[in-house]
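Below is one structure, written out as structure tokens, with a few remarks after it.
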Amino acid sequence: MTETNDGFKIAEIDLKLRGPGEFFGTRQWGIPAFRIANLLRDQEILEWAKREATAFVEHPESREEFEAYIGFLRTEWSRRYGLAGVA
């Protein structure tokens, strides 16, 4: 922190040192228990996946495909993570 005042660089170093913590939980540091990916090692492929997901949401091939995907997410994510619905 004595070498830069760039918040992005400090955050990146902090991520490498302490890990990202939990997305659904209270732990604010440490590597989460992902089954497949590692946020530090797999950053390039995770960024690619994010771009692909964004492209799918912004330009789905069909309305039916998009609605089926949204239905899948609502069912699976609420079941897995106990998420509440917001009206």
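For the structure tokens, the naming scheme is as follows: chains receive sequential letters (A, B, ...) according to their order of presentation, residues are indexed from 1 within each chain, and ligands are indexed from 1 in presentation order.
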
Check: Do you know which residues are at most 12 Å from segment 48-54 of chain A counting only C-alpha atoms, after dropping those on the same chain fewer than 5 positions away, and could you put them as number ranges by chain?
Finding: A: 37, 42-43, 59-60, 66, 69

Output N, CA and C atoms for every residue in the selection just made, as a CSV table (one decimal), in the first residue's frame.
```csv
chain,number,residue,atom,x,y,z
A,37,ALA,N,-14.1,-24.2,-10.5
A,37,ALA,CA,-13.3,-23.1,-10.8
A,37,ALA,C,-12.5,-22.6,-9.6
A,42,ASP,N,-8.3,-19.4,-12.6
A,42,ASP,CA,-9.1,-19.5,-13.8
A,42,ASP,C,-9.7,-18.1,-14.2
A,43,GLN,N,-9.1,-17.0,-13.9
A,43,GLN,CA,-9.6,-15.7,-14.1
A,43,GLN,C,-10.0,-15.5,-15.6
A,59,HIS,N,-28.7,-10.8,-26.2
A,59,HIS,CA,-29.1,-11.2,-27.5
A,59,HIS,C,-29.5,-12.7,-27.6
A,60,PRO,N,-30.5,-13.1,-26.9
A,60,PRO,CA,-30.9,-14.6,-26.9
A,60,PRO,C,-31.3,-15.0,-28.4
A,66,PHE,N,-34.7,-18.0,-24.0
A,66,PHE,CA,-34.4,-17.1,-22.9
A,66,PHE,C,-35.4,-17.3,-21.7
A,69,TYR,N,-34.5,-20.5,-19.9
A,69,TYR,CA,-33.3,-20.3,-19.1
A,69,TYR,C,-33.7,-19.6,-17.8
```

Margin query: For a test of reading the model, state the distance in Å between atom CA of Glu3 of chain A and atom CA of Ile45 of chain A, rounded to one decimal.
Written below: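 So the answer is 29.6 Å.
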